[in-house]
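Asker: Just dropping this structure here.
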Amino acid sequence: MYSEKVMDHFTNPRNVGEIEDASGIGEVGNAKCGDIMRMYLKIEDGKIEDVKFKTFGCGSAIASSSMATELIKGKTIEEAMALTNKAVAEALDGLPPVKMHCSVLAEQAIKAALLDYSKKHNVVIPGLDEFNFEEEDHHSVTED
Amino acid sequence: MYSEKVMDHFTNPRNVGEIEDASGIGEVGNAKCGDIMRMYLKIEDGKIEDVKFKTFGCGSAIASSSMATELIKGKTIEEAMALTNKAVAEALDGLPPVKMHCSVLAEQAIKAALLDYSKKHNVVIPGLDEFNFEEEDHHSVTED
Amino acid sequence: MEKYIYMDNSATTPVRKEVLDEMLPYFTEKYGNPSSIYSLGSASRVAVEKAREQVAKVLNADKNEIFFTAGGSESDNWAIKGIALKNKNKGNHIITTKIEHHAVLHTCEYLEKNGFEVTYLDVDQDGLINLDDLKNAIKDETILITIMFANNEIGTIQPIKEIGQIARERGIYFHTDAVQAVGNLKIDVKDMNIDLLSLSGHKFYGPKGVGVLYIKKGTKIDSLIAGGAQERNKRAGTENVPGIVGLGKAIELAYENLDEKNEKLIKLRDRLISKIEENIKYVRLNGHRTNRLPGNVNFCFEFIEGESLLLSLDMVGVAASSGSACTSGSLDPSHVLLAIGLPHEIAHGSLRLSLGIYNTEEEVDYVVDKLVEIVDRLRKMSPLYDKIAEGK
Amino acid sequence: MEKYIYMDNSATTPVRKEVLDEMLPYFTEKYGNPSSIYSLGSASRVAVEKAREQVAKVLNADKNEIFFTAGGSESDNWAIKGIALKNKNKGNHIITTKIEHHAVLHTCEYLEKNGFEVTYLDVDQDGLINLDDLKNAIKDETILITIMFANNEIGTIQPIKEIGQIARERGIYFHTDAVQAVGNLKIDVKDMNIDLLSLSGHKFYGPKGVGVLYIKKGTKIDSLIAGGAQERNKRAGTENVPGIVGLGKAIELAYENLDEKNEKLIKLRDRLISKIEENIKYVRLNGHRTNRLPGNVNFCFEFIEGESLLLSLDMVGVAASSGSACTSGSLDPSHVLLAIGLPHEIAHGSLRLSLGIYNTEEEVDYVVDKLVEIVDRLRKMSPLYDKIAEGK
Ligand SMILES: Cc1ncc(COP(=O)(O)O)c(C=O)c1O
Ligand SMILES: Cc1ncc(COP(=O)(O)O)c(C=O)c1O
């Protein structure tokens with residue numbers, strides 16, 4: 001069902017935890033739907049110096065969180081903004097169709113954390129305003 | 001499906017053939033329904049001295065013919081008249097429900113031959129008049 | 001009886017050893033439920049998907065168009081009821097033939113009782129439908145044409161590609177019961193314009209109780225068995241993993257060297273046909289002489305009845321059938337033989353010998369020898385024959 | 001991973017060796033079609049009838065009331081659609097519960113789209129229906145009550161005999177999905193007033209893809225699969241002979257020393273329950289504490305999600321499930337857990353460990369040890385838990 005990469009990031013998730021004095025924190029999803037991701041960013045000079053996450057969710061939610069943090073760690077804000085859910089899924093060697101929303105959550109969690117940072121620090125991040133945090137209702141996903 | 005008795009009478013049918021100068025001949029069934037029985041009787045002094053049959057039909061039709069001839073050979077007309085289809089079936093250790101009509105045919109073939117005899121020789125055989133040669137439509141037999 | 005000669009391969013076939021070997025681990029070791037996410041479940045999932053690909057490849061279909069069922073009858077019922085009920089807003093008319101298997105006929109009759117109208121096409125003396133009849137039968141309300149690929153009794157093969165084309169042009173779904181064809185004939189659902197196709201594992205040396213319904217992508221169809229999300233939400237029930245694995249392997253094997261095998265089979269078949277015709281009088285070959293299943297031989301022997309023929313053959317170690325196996329408990333003569341125009345009394349005396357990969361020339365010759373004796377014996381017992389024998 | 005611990009026996013079970021041994025000859029040697037009249041066919045017929053008797057004996061039914069199907073889902077669909085469609089002139093109302101298997105629920109939903117009305121009874125926090133609710137739900141139009149014997153997720157056993165009595169008194173057909181009960185609980189269809197009962201071979205160490213529908217003599221029901229005259233004209237399709245033979249043997253074995261086996265199983269189950277409750281905080285046992293299937297354990301672990309629990313267990317060699325196996329691809333939490341009143345977020349964190357005849361005390365202890373570690377690890381990762389851990 002899951003790729004080896006997914007299983008690896010699920011079993012040994014990178015960057016689990018919290019950042020005490022985070023520059024920005026974002027939380028998306030809700031427990032009712034079975035997944036919540038919280039992302040902590042430490043940003044210095046427009047660069048993501050550190051990133052941590054906490055996730056309640058299925059295997060692919062945890063793996064997506066882990067992979068997403070790896071993909072933006074040490075990158076610039078612009079680079080982090082450019083991270084798409086597809087890129088997360090691809091880096092994990094793919095996710096089952098019903099689980100694609102997990103990668104969407106990961107993308108959103110990063111953007112939510114960046115939004116928090118931009119508000120707290122009065123920084124304008126291009127592209128953030130357009131971003132739509134309303135995820136399409138993944139409960140209506142059917143296979144055919 | 002069939003008892004050993006049925007298979008025995010099918011494989012080695014008794015009294016197959018014709019009687020040249022038969023006292024009475026009876027034929028029942030029709031080819032459309034898949035079975036025809038023709039019964040030849042040689043009657044002397046009110047006794048069935050000889051009996052032969054020819055049958056077009058399934059295994060149980062042939063076995064029923066064979067068994068019926070055995071059961072009346074050497075018997076009196078009254079005894080032959082008393083032979084029921086149930087007795088034929090029982091003597092064969094039973095027939096499958098869908099095949100019971102074969103034993104009915106055998107009973108009828110004997111009675112038809114006796115009727116022929118009674119007409120040709122002007123003998124009154126009690127009970128023959130009441131006998132109904134219209135077989136119930138066995139094509140509507142269903143299992144349940 | 002020294003040996004047993006099985007010539008009823010259209011009724012069912014033994015499971016090939018290679019097939020059983022593939023199945024075995026899935027009973028006791030790899031028994032996981034394919035819906036389970038742990039490794040034991042995934043192993044079953046992988047096996048089911050491999051079988052799906054094996055079937056798809058043979059039919060030239062996409063693997064997502066292959067749905068596993070419990071056999072040919074379920075596939076037929078599902079196809080016909082599923083299309084009819086889902087598309088009843090578009091129309092209530094179905095076209096089929098008089099010579100379909102009962103799984104199709106009885107399903108159509110059931111729908112007739114429930115507001116649908118069904119046209120049963122005639123066939124000619126060889127068992128072939130007439131394409132003009134088909135065209136003429138189509139109405140605005142026609143939503144489904146269901147015509148079998150090859151007949152189980154007389155072996156006649158229908159012009160499937162042409163039927164499919166007619167259906168496709170008129171936007172009507174086309175289902176074909178290919179239970180007898182799969183394993184024996186080349187099938188290309190795309191080229192032949194087939195929307196739905198039924199097949200059954202036990203007809204080509206796979207296991208009993210497992211089949212397939214091919215459903216072309218985009219086809220609107222109700223489920224017959226609702227429940228869990230198995231088979232892409234279209235056919236519920238824990239997958240019969242060993243059965244599915246066996247069907248996959250069996251269909252793959254069946255299409256290896258198909259031409260070669262068929263060449264051999266057709267030679268055997270034609271040998272059997274000509275030897276019977278040469279050695280026994282008053283016989284009639286049923287079905288088309290050449291356009292028939294490679295292993296199918298079906299004769300009527302006048303003046304005798306089929307069951308007594310079968311019993312007699314069984315006594316000398318030969319397994320054959322009369323009418324179709326499914327109805328051998330029945331007293332009515334085969335609807336197929338009546339449809340090709342045989343009178344009742346002759347239709348009662350039919351014999352089907354269906355050859356398979358294990359049959360040999362020696363067996364064919366033995367069967368003919370025995371048939372000569374048996375037919376002679378039964379005819380001597382028959383009140384219909386003496387008139388003929390006497391030259392009347 | 002040294003060993004693999006299978007604790008998902010409610011999803012499916014391995015085929016027992018004794019069962020497979022009985023099945024094997026019917027694949028390759030005794031492969032005859034049971035409808036065929038020759039000896040090879042009769043051998044299959046005899047085997048099928050023997051299995052029918054084995055099933056009848058366990059249920060206290062007559063052998064003519066046992067009909068073989070392709071599994072629990074087909075049996076459920078057949079029972080419900082077959083009764084509804086055949087008796088629609090008498091009424092269009094069906095009563096069921098909110099915690100049925102999807103094979104029942106989706107079939108009921110399908111009928112709702114086609115003119116039937118369905119009442120879905122609530123259950124209490126233990127998963128039990130209320131008999132007064134049932135009585136109150138009955139109307140003049142009620143033709144069928146379908147209530148499961150024991151729940152596949154939480155194991156709760158319904159008061160079947162009382163339900164049957166209510167149905168019988170009102171002249172309403174009573175069907176029970178006993179897929180999880182058969183093999184584990186004593187069942188007497190006569191004493192329990194059951195008119196129709198579904199069971200599935202692979203839940204009690206028999207093969208997948210074969211099941212039974214018990215239909216009380218005289219019950220008016222349409223066929224789901226029409227065609228050949230198999231199963232007394234009620235369920236068409238060449239019989240899955242090896243599967244049927246396997247089911248017969250498996251059910252016979254399951255009811256040998258049932259009390260003894262259950263005593264052992266219940267001891268294991270209760271050990272597992274108490275050890276989890278002793279060693280892990282914030283857990284909730286789902287289902288009735290005592291009136292439950294002997295092998296069923298179902299817990300919610302707060303603050304974590306079920307699938308990640310399953311994956312983690314798989315990594316340490318333990319097979320378990322969350323929700324029902326059939327829906328493990330789904331994103332919605334179990335309808336059963338919602339029906340017993342759990343909020344969505346807790347329902348997402350459920351784990352079912354279903355014990356079977358091969359599980360041991362050592363395995364139970366190992367699983368608890370591993371669970372402690374895994375739950376701890378996942379909770380540390382959970383954004384819901386830190387608030388709790390901080391005492392908020
Ligand atoms: C209660 C219940 N009903 C029905 C089914 C369906 O049975 P099957 O998967 O054999 O079709 C199952 C198991 O999957 C079940 O647990
Ligand atoms: C043409 C045809 N259709 C359907 C079937 C039914 O297949 P099954 O017996 O596998 O259900 C058969 C064989 O019995 C058949 O020959």
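Scheme for the structure tokens: letters A, B, ... for chains in order shown; per-chain residue numbers from 1; ligand numbers from 1 in order shown.
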Could you list, as an MDAnalysis selection string, every residue within 10 Å of C:Glu18, counting only C-alpha atoms and ignoring same-chain residues fewer than 5 positions away?
Answerer: chainID C and resid 23 205:206 246 249:250 253
Asker: Enumerate residues in contact with ligand 1: an atom-to-atom distance of at most 8 Å, counting only C-alpha atoms and all ligand atoms. Format the result as a PDB file with N, CA, C and O atoms, in the first residue's frame.
Answerer:
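Generated output (result.pdb):
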```pdb
ATOM      1  N   GLY C 227     -21.917  -3.710  -0.578  1.00  0.00           N
ATOM      2  CA  GLY C 227     -21.330  -3.919   0.740  1.00  0.00           C
ATOM      3  C   GLY C 227     -19.992  -3.221   0.847  1.00  0.00           C
ATOM      4  O   GLY C 227     -19.905  -2.016   0.613  1.00  0.00           O
ATOM      5  N   GLY C 228     -18.959  -3.979   1.180  1.00  0.00           N
ATOM      6  CA  GLY C 228     -17.625  -3.421   1.336  1.00  0.00           C
ATOM      7  C   GLY C 228     -17.121  -2.817   0.029  1.00  0.00           C
ATOM      8  O   GLY C 228     -17.750  -2.918  -1.014  1.00  0.00           O
ATOM      9  N   ALA C 236     -19.002  -6.333  -3.745  1.00  0.00           N
ATOM     10  CA  ALA C 236     -18.579  -6.502  -2.363  1.00  0.00           C
ATOM     11  C   ALA C 236     -18.279  -7.956  -2.038  1.00  0.00           C
ATOM     12  O   ALA C 236     -18.726  -8.872  -2.725  1.00  0.00           O
ATOM     13  N   GLY C 237     -17.570  -8.140  -0.937  1.00  0.00           N
ATOM     14  CA  GLY C 237     -17.245  -9.476  -0.449  1.00  0.00           C
ATOM     15  C   GLY C 237     -15.746  -9.673  -0.367  1.00  0.00           C
ATOM     16  O   GLY C 237     -15.026  -9.301  -1.287  1.00  0.00           O
ATOM     17  N   THR C 238     -15.306 -10.289   0.724  1.00  0.00           N
ATOM     18  CA  THR C 238     -13.897 -10.611   0.850  1.00  0.00           C
ATOM     19  C   THR C 238     -13.475 -11.412  -0.364  1.00  0.00           C
ATOM     20  O   THR C 238     -14.119 -12.394  -0.721  1.00  0.00           O
ATOM     21  N   GLU C 239     -12.407 -10.999  -1.000  1.00  0.00           N
ATOM     22  CA  GLU C 239     -11.981 -11.639  -2.231  1.00  0.00           C
ATOM     23  C   GLU C 239     -11.621 -13.109  -2.011  1.00  0.00           C
ATOM     24  O   GLU C 239     -10.954 -13.444  -1.039  1.00  0.00           O
TER      25      GLU C 239
ATOM     26  N   SER D  10     -11.174 -11.729  12.956  1.00  0.00           N
ATOM     27  CA  SER D  10     -12.506 -11.323  12.514  1.00  0.00           C
ATOM     28  C   SER D  10     -12.482 -10.865  11.061  1.00  0.00           C
ATOM     29  O   SER D  10     -13.522 -10.818  10.408  1.00  0.00           O
ATOM     30  N   ALA D  11     -11.316 -10.483  10.570  1.00  0.00           N
ATOM     31  CA  ALA D  11     -11.203 -10.080   9.160  1.00  0.00           C
ATOM     32  C   ALA D  11     -11.201 -11.325   8.288  1.00  0.00           C
ATOM     33  O   ALA D  11     -11.933 -11.413   7.309  1.00  0.00           O
ATOM     34  N   THR D  12     -10.348 -12.270   8.662  1.00  0.00           N
ATOM     35  CA  THR D  12     -10.327 -13.555   7.959  1.00  0.00           C
ATOM     36  C   THR D  12      -9.436 -14.497   8.751  1.00  0.00           C
ATOM     37  O   THR D  12      -8.726 -14.060   9.665  1.00  0.00           O
ATOM     38  N   ALA D  70     -21.454 -17.351  -2.538  1.00  0.00           N
ATOM     39  CA  ALA D  70     -20.039 -17.004  -2.658  1.00  0.00           C
ATOM     40  C   ALA D  70     -19.520 -16.241  -1.452  1.00  0.00           C
ATOM     41  O   ALA D  70     -18.425 -15.687  -1.504  1.00  0.00           O
ATOM     42  N   GLY D  71     -20.289 -16.188  -0.365  1.00  0.00           N
ATOM     43  CA  GLY D  71     -19.772 -15.528   0.827  1.00  0.00           C
ATOM     44  C   GLY D  71     -20.837 -14.753   1.569  1.00  0.00           C
ATOM     45  O   GLY D  71     -22.020 -14.745   1.193  1.00  0.00           O
ATOM     46  N   GLY D  72     -20.410 -14.117   2.640  1.00  0.00           N
ATOM     47  CA  GLY D  72     -21.337 -13.393   3.494  1.00  0.00           C
ATOM     48  C   GLY D  72     -22.043 -12.251   2.780  1.00  0.00           C
ATOM     49  O   GLY D  72     -23.244 -12.030   2.961  1.00  0.00           O
ATOM     50  N   SER D  73     -21.326 -11.537   1.950  1.00  0.00           N
ATOM     51  CA  SER D  73     -21.928 -10.380   1.277  1.00  0.00           C
ATOM     52  C   SER D  73     -23.023 -10.827   0.318  1.00  0.00           C
ATOM     53  O   SER D  73     -24.094 -10.219   0.268  1.00  0.00           O
ATOM     54  N   GLU D  74     -22.745 -11.865  -0.453  1.00  0.00           N
ATOM     55  CA  GLU D  74     -23.800 -12.355  -1.350  1.00  0.00           C
ATOM     56  C   GLU D  74     -25.006 -12.822  -0.540  1.00  0.00           C
ATOM     57  O   GLU D  74     -26.153 -12.532  -0.904  1.00  0.00           O
ATOM     58  N   SER D  75     -24.764 -13.534   0.544  1.00  0.00           N
ATOM     59  CA  SER D  75     -25.876 -14.031   1.356  1.00  0.00           C
ATOM     60  C   SER D  75     -26.720 -12.870   1.890  1.00  0.00           C
ATOM     61  O   SER D  75     -27.946 -12.905   1.839  1.00  0.00           O
ATOM     62  N   ASP D  76     -26.062 -11.835   2.374  1.00  0.00           N
ATOM     63  CA  ASP D  76     -26.797 -10.670   2.887  1.00  0.00           C
ATOM     64  C   ASP D  76     -27.607  -9.998   1.774  1.00  0.00           C
ATOM     65  O   ASP D  76     -28.778  -9.670   1.956  1.00  0.00           O
ATOM     66  N   GLU D 100     -25.034  -2.388  11.356  1.00  0.00           N
ATOM     67  CA  GLU D 100     -24.867  -3.546  10.461  1.00  0.00           C
ATOM     68  C   GLU D 100     -23.598  -3.418   9.631  1.00  0.00           C
ATOM     69  O   GLU D 100     -23.063  -2.315   9.438  1.00  0.00           O
ATOM     70  N   HIS D 101     -23.176  -4.551   9.111  1.00  0.00           N
ATOM     71  CA  HIS D 101     -22.090  -4.565   8.120  1.00  0.00           C
ATOM     72  C   HIS D 101     -22.566  -3.841   6.862  1.00  0.00           C
ATOM     73  O   HIS D 101     -23.756  -3.801   6.569  1.00  0.00           O
ATOM     74  N   HIS D 102     -21.612  -3.300   6.104  1.00  0.00           N
ATOM     75  CA  HIS D 102     -21.993  -2.585   4.882  1.00  0.00           C
ATOM     76  C   HIS D 102     -22.766  -3.441   3.888  1.00  0.00           C
ATOM     77  O   HIS D 102     -23.543  -2.918   3.092  1.00  0.00           O
ATOM     78  N   ALA D 103     -22.534  -4.750   3.919  1.00  0.00           N
ATOM     79  CA  ALA D 103     -23.278  -5.626   2.998  1.00  0.00           C
ATOM     80  C   ALA D 103     -24.780  -5.523   3.267  1.00  0.00           C
ATOM     81  O   ALA D 103     -25.598  -5.662   2.355  1.00  0.00           O
ATOM     82  N   VAL D 104     -25.137  -5.264   4.507  1.00  0.00           N
ATOM     83  CA  VAL D 104     -26.551  -5.065   4.843  1.00  0.00           C
ATOM     84  C   VAL D 104     -26.942  -3.604   4.630  1.00  0.00           C
ATOM     85  O   VAL D 104     -27.939  -3.301   3.972  1.00  0.00           O
ATOM     86  N   MET D 148     -27.983  -8.016  12.812  1.00  0.00           N
ATOM     87  CA  MET D 148     -26.829  -8.909  12.873  1.00  0.00           C
ATOM     88  C   MET D 148     -26.764  -9.664  14.192  1.00  0.00           C
ATOM     89  O   MET D 148     -27.183  -9.161  15.234  1.00  0.00           O
ATOM     90  N   PHE D 149     -26.182 -10.839  14.136  1.00  0.00           N
ATOM     91  CA  PHE D 149     -26.062 -11.680  15.322  1.00  0.00           C
ATOM     92  C   PHE D 149     -25.035 -11.084  16.262  1.00  0.00           C
ATOM     93  O   PHE D 149     -25.317 -10.840  17.434  1.00  0.00           O
ATOM     94  N   ALA D 150     -23.845 -10.827  15.751  1.00  0.00           N
ATOM     95  CA  ALA D 150     -22.782 -10.239  16.563  1.00  0.00           C
ATOM     96  C   ALA D 150     -22.035  -9.256  15.681  1.00  0.00           C
ATOM     97  O   ALA D 150     -21.808  -9.523  14.506  1.00  0.00           O
ATOM     98  N   ASN D 151     -21.650  -8.143  16.275  1.00  0.00           N
ATOM     99  CA  ASN D 151     -21.025  -7.097  15.481  1.00  0.00           C
ATOM    100  C   ASN D 151     -19.569  -7.409  15.162  1.00  0.00           C
ATOM    101  O   ASN D 151     -18.808  -7.852  16.028  1.00  0.00           O
ATOM    102  N   ASN D 152     -19.180  -7.116  13.923  1.00  0.00           N
ATOM    103  CA  ASN D 152     -17.825  -7.424  13.486  1.00  0.00           C
ATOM    104  C   ASN D 152     -16.776  -6.498  14.084  1.00  0.00           C
ATOM    105  O   ASN D 152     -15.621  -6.866  14.208  1.00  0.00           O
ATOM    106  N   GLU D 153     -17.152  -5.303  14.495  1.00  0.00           N
ATOM    107  CA  GLU D 153     -16.146  -4.400  15.050  1.00  0.00           C
ATOM    108  C   GLU D 153     -16.052  -4.503  16.561  1.00  0.00           C
ATOM    109  O   GLU D 153     -14.983  -4.730  17.100  1.00  0.00           O
ATOM    110  N   ASP D 177     -27.496 -11.492   9.974  1.00  0.00           N
ATOM    111  CA  ASP D 177     -26.148 -11.620   9.445  1.00  0.00           C
ATOM    112  C   ASP D 177     -25.318 -12.232  10.570  1.00  0.00           C
ATOM    113  O   ASP D 177     -24.945 -11.537  11.523  1.00  0.00           O
ATOM    114  N   ALA D 178     -25.067 -13.530  10.447  1.00  0.00           N
ATOM    115  CA  ALA D 178     -24.346 -14.237  11.511  1.00  0.00           C
ATOM    116  C   ALA D 178     -22.916 -14.548  11.088  1.00  0.00           C
ATOM    117  O   ALA D 178     -22.292 -15.490  11.583  1.00  0.00           O
ATOM    118  N   VAL D 179     -22.386 -13.726  10.195  1.00  0.00           N
ATOM    119  CA  VAL D 179     -21.045 -13.987   9.656  1.00  0.00           C
ATOM    120  C   VAL D 179     -20.003 -14.047  10.763  1.00  0.00           C
ATOM    121  O   VAL D 179     -19.097 -14.871  10.732  1.00  0.00           O
ATOM    122  N   GLN D 180     -20.129 -13.178  11.767  1.00  0.00           N
ATOM    123  CA  GLN D 180     -19.142 -13.194  12.854  1.00  0.00           C
ATOM    124  C   GLN D 180     -19.504 -14.203  13.939  1.00  0.00           C
ATOM    125  O   GLN D 180     -18.650 -14.599  14.722  1.00  0.00           O
ATOM    126  N   SER D 198     -27.124 -15.534   7.325  1.00  0.00           N
ATOM    127  CA  SER D 198     -25.942 -15.488   6.456  1.00  0.00           C
ATOM    128  C   SER D 198     -24.708 -15.939   7.224  1.00  0.00           C
ATOM    129  O   SER D 198     -24.532 -15.545   8.383  1.00  0.00           O
ATOM    130  N   LEU D 199     -23.864 -16.701   6.547  1.00  0.00           N
ATOM    131  CA  LEU D 199     -22.564 -17.040   7.140  1.00  0.00           C
ATOM    132  C   LEU D 199     -21.515 -17.130   6.043  1.00  0.00           C
ATOM    133  O   LEU D 199     -21.850 -17.235   4.858  1.00  0.00           O
ATOM    134  N   SER D 200     -20.252 -17.068   6.434  1.00  0.00           N
ATOM    135  CA  SER D 200     -19.162 -17.013   5.463  1.00  0.00           C
ATOM    136  C   SER D 200     -18.014 -17.911   5.901  1.00  0.00           C
ATOM    137  O   SER D 200     -17.557 -17.817   7.045  1.00  0.00           O
ATOM    138  N   GLY D 201     -17.540 -18.768   5.003  1.00  0.00           N
ATOM    139  CA  GLY D 201     -16.558 -19.798   5.343  1.00  0.00           C
ATOM    140  C   GLY D 201     -15.248 -19.298   5.924  1.00  0.00           C
ATOM    141  O   GLY D 201     -14.682 -19.919   6.820  1.00  0.00           O
ATOM    142  N   HIS D 202     -14.765 -18.172   5.427  1.00  0.00           N
ATOM    143  CA  HIS D 202     -13.405 -17.758   5.791  1.00  0.00           C
ATOM    144  C   HIS D 202     -13.318 -17.146   7.179  1.00  0.00           C
ATOM    145  O   HIS D 202     -12.229 -16.755   7.607  1.00  0.00           O
ATOM    146  N   LYS D 203     -14.438 -17.067   7.887  1.00  0.00           N
ATOM    147  CA  LYS D 203     -14.380 -16.524   9.244  1.00  0.00           C
ATOM    148  C   LYS D 203     -14.147 -17.619  10.282  1.00  0.00           C
ATOM    149  O   LYS D 203     -13.948 -17.320  11.452  1.00  0.00           O
ATOM    150  N   LYS D 208     -12.103 -18.729   1.654  1.00  0.00           N
ATOM    151  CA  LYS D 208     -12.747 -17.487   1.215  1.00  0.00           C
ATOM    152  C   LYS D 208     -13.594 -17.748  -0.021  1.00  0.00           C
ATOM    153  O   LYS D 208     -13.323 -18.663  -0.792  1.00  0.00           O
ATOM    154  N   GLY D 209     -14.586 -16.918  -0.221  1.00  0.00           N
ATOM    155  CA  GLY D 209     -15.363 -17.011  -1.462  1.00  0.00           C
ATOM    156  C   GLY D 209     -16.444 -18.070  -1.434  1.00  0.00           C
ATOM    157  O   GLY D 209     -16.922 -18.508  -2.479  1.00  0.00           O
ATOM    158  N   VAL D 210     -16.818 -18.501  -0.243  1.00  0.00           N
ATOM    159  CA  VAL D 210     -17.933 -19.444  -0.155  1.00  0.00           C
ATOM    160  C   VAL D 210     -18.690 -19.166   1.146  1.00  0.00           C
ATOM    161  O   VAL D 210     -18.093 -18.909   2.192  1.00  0.00           O
ATOM    162  N   GLY D 211     -19.987 -19.150   1.054  1.00  0.00           N
ATOM    163  CA  GLY D 211     -20.828 -18.867   2.211  1.00  0.00           C
ATOM    164  C   GLY D 211     -22.122 -19.632   2.109  1.00  0.00           C
ATOM    165  O   GLY D 211     -22.277 -20.516   1.257  1.00  0.00           O
ATOM    166  N   SER D 324     -13.585  -1.767  10.316  1.00  0.00           N
ATOM    167  CA  SER D 324     -13.643  -3.103   9.744  1.00  0.00           C
ATOM    168  C   SER D 324     -12.665  -3.183   8.597  1.00  0.00           C
ATOM    169  O   SER D 324     -12.352  -2.183   7.958  1.00  0.00           O
ATOM    170  N   ALA D 325     -12.201  -4.375   8.338  1.00  0.00           N
ATOM    171  CA  ALA D 325     -11.188  -4.564   7.300  1.00  0.00           C
ATOM    172  C   ALA D 325     -11.682  -4.028   5.970  1.00  0.00           C
ATOM    173  O   ALA D 325     -10.921  -3.465   5.201  1.00  0.00           O
ATOM    174  N   CYS D 326     -12.960  -4.187   5.718  1.00  0.00           N
ATOM    175  CA  CYS D 326     -13.492  -3.822   4.409  1.00  0.00           C
ATOM    176  C   CYS D 326     -13.402  -2.349   4.150  1.00  0.00           C
ATOM    177  O   CYS D 326     -13.494  -1.900   3.033  1.00  0.00           O
TER     178      CYS D 326
END
```
Asker: Check the smallest atom-to-atom distance from each of B:Gly26, B:Lys120, B:Met1, B:Glu18 to chain D using only C-alpha atoms, then report the winner.
Answerer: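 Selected residue with least distance to chain D: B:Met1.
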Asker: Using only C-alpha atoms, determine which residues lie at most 12 Å from D:Val46, disregarding the query and same-chain residues fewer than 4 positions distant; provide the list as a PyMOL selection string.
Answerer: (chain B and resi 1) or (chain D and resi 26+30+32-37+39-42+50-53+241+244-245)
Asker: Go ahead and dump the residues you just picked, N, CA and C atoms, as a short mmCIF file (atom, residue, chain, number, x, y, z; two decimals), in the first residue's frame.
Answerer:
```
data_model
loop_
_atom_site.label_atom_id
_atom_site.label_comp_id
_atom_site.auth_asym_id
_atom_site.auth_seq_id
_atom_site.Cartn_x
_atom_site.Cartn_y
_atom_site.Cartn_z
N MET B 1 -27.04 -40.87 -8.28
CA MET B 1 -28.36 -40.47 -8.75
C MET B 1 -29.31 -41.66 -8.77
N TYR D 26 -10.77 -32.30 -4.81
CA TYR D 26 -11.82 -31.76 -5.68
C TYR D 26 -11.31 -30.75 -6.69
N LYS D 30 -11.30 -35.20 -8.41
CA LYS D 30 -12.76 -35.30 -8.39
C LYS D 30 -13.35 -33.97 -8.85
N GLY D 32 -15.47 -33.33 -11.26
CA GLY D 32 -16.71 -33.38 -12.02
C GLY D 32 -17.70 -32.30 -11.62
N ASN D 33 -18.54 -31.93 -12.57
CA ASN D 33 -19.60 -30.96 -12.31
C ASN D 33 -20.73 -31.72 -11.59
N PRO D 34 -21.14 -31.24 -10.43
CA PRO D 34 -22.16 -31.97 -9.66
C PRO D 34 -23.46 -32.17 -10.43
N SER D 35 -23.70 -31.39 -11.47
CA SER D 35 -24.92 -31.57 -12.25
C SER D 35 -24.81 -32.69 -13.26
N SER D 36 -23.61 -33.22 -13.46
CA SER D 36 -23.41 -34.26 -14.46
C SER D 36 -23.82 -35.61 -13.90
N ILE D 37 -24.39 -36.46 -14.76
CA ILE D 37 -24.94 -37.71 -14.22
C ILE D 37 -23.93 -38.85 -14.15
N SER D 39 -20.33 -40.84 -13.18
CA SER D 39 -19.81 -41.09 -11.83
C SER D 39 -18.97 -39.94 -11.28
N LEU D 40 -18.17 -39.31 -12.15
CA LEU D 40 -17.32 -38.21 -11.68
C LEU D 40 -18.19 -37.05 -11.19
N GLY D 41 -19.32 -36.86 -11.84
CA GLY D 41 -20.26 -35.84 -11.40
C GLY D 41 -20.92 -36.21 -10.09
N SER D 42 -21.31 -37.46 -9.96
CA SER D 42 -21.98 -37.89 -8.73
C SER D 42 -21.08 -37.73 -7.52
N LYS D 50 -22.94 -33.67 1.37
CA LYS D 50 -22.38 -33.93 2.70
C LYS D 50 -22.12 -32.61 3.43
N ALA D 51 -21.55 -31.66 2.70
CA ALA D 51 -21.28 -30.35 3.31
C ALA D 51 -22.59 -29.69 3.74
N ARG D 52 -23.61 -29.87 2.93
CA ARG D 52 -24.90 -29.27 3.27
C ARG D 52 -25.42 -29.84 4.61
N GLU D 53 -25.19 -31.13 4.78
CA GLU D 53 -25.61 -31.74 6.04
C GLU D 53 -24.77 -31.24 7.21
N VAL D 241 -17.15 -26.62 -5.71
CA VAL D 241 -17.12 -27.87 -4.94
C VAL D 241 -16.03 -27.87 -3.86
N ILE D 244 -17.06 -25.52 -1.09
CA ILE D 244 -18.20 -26.01 -0.30
C ILE D 244 -17.76 -27.13 0.63
N VAL D 245 -16.94 -28.04 0.11
CA VAL D 245 -16.41 -29.13 0.93
C VAL D 245 -15.62 -28.55 2.11
#
```
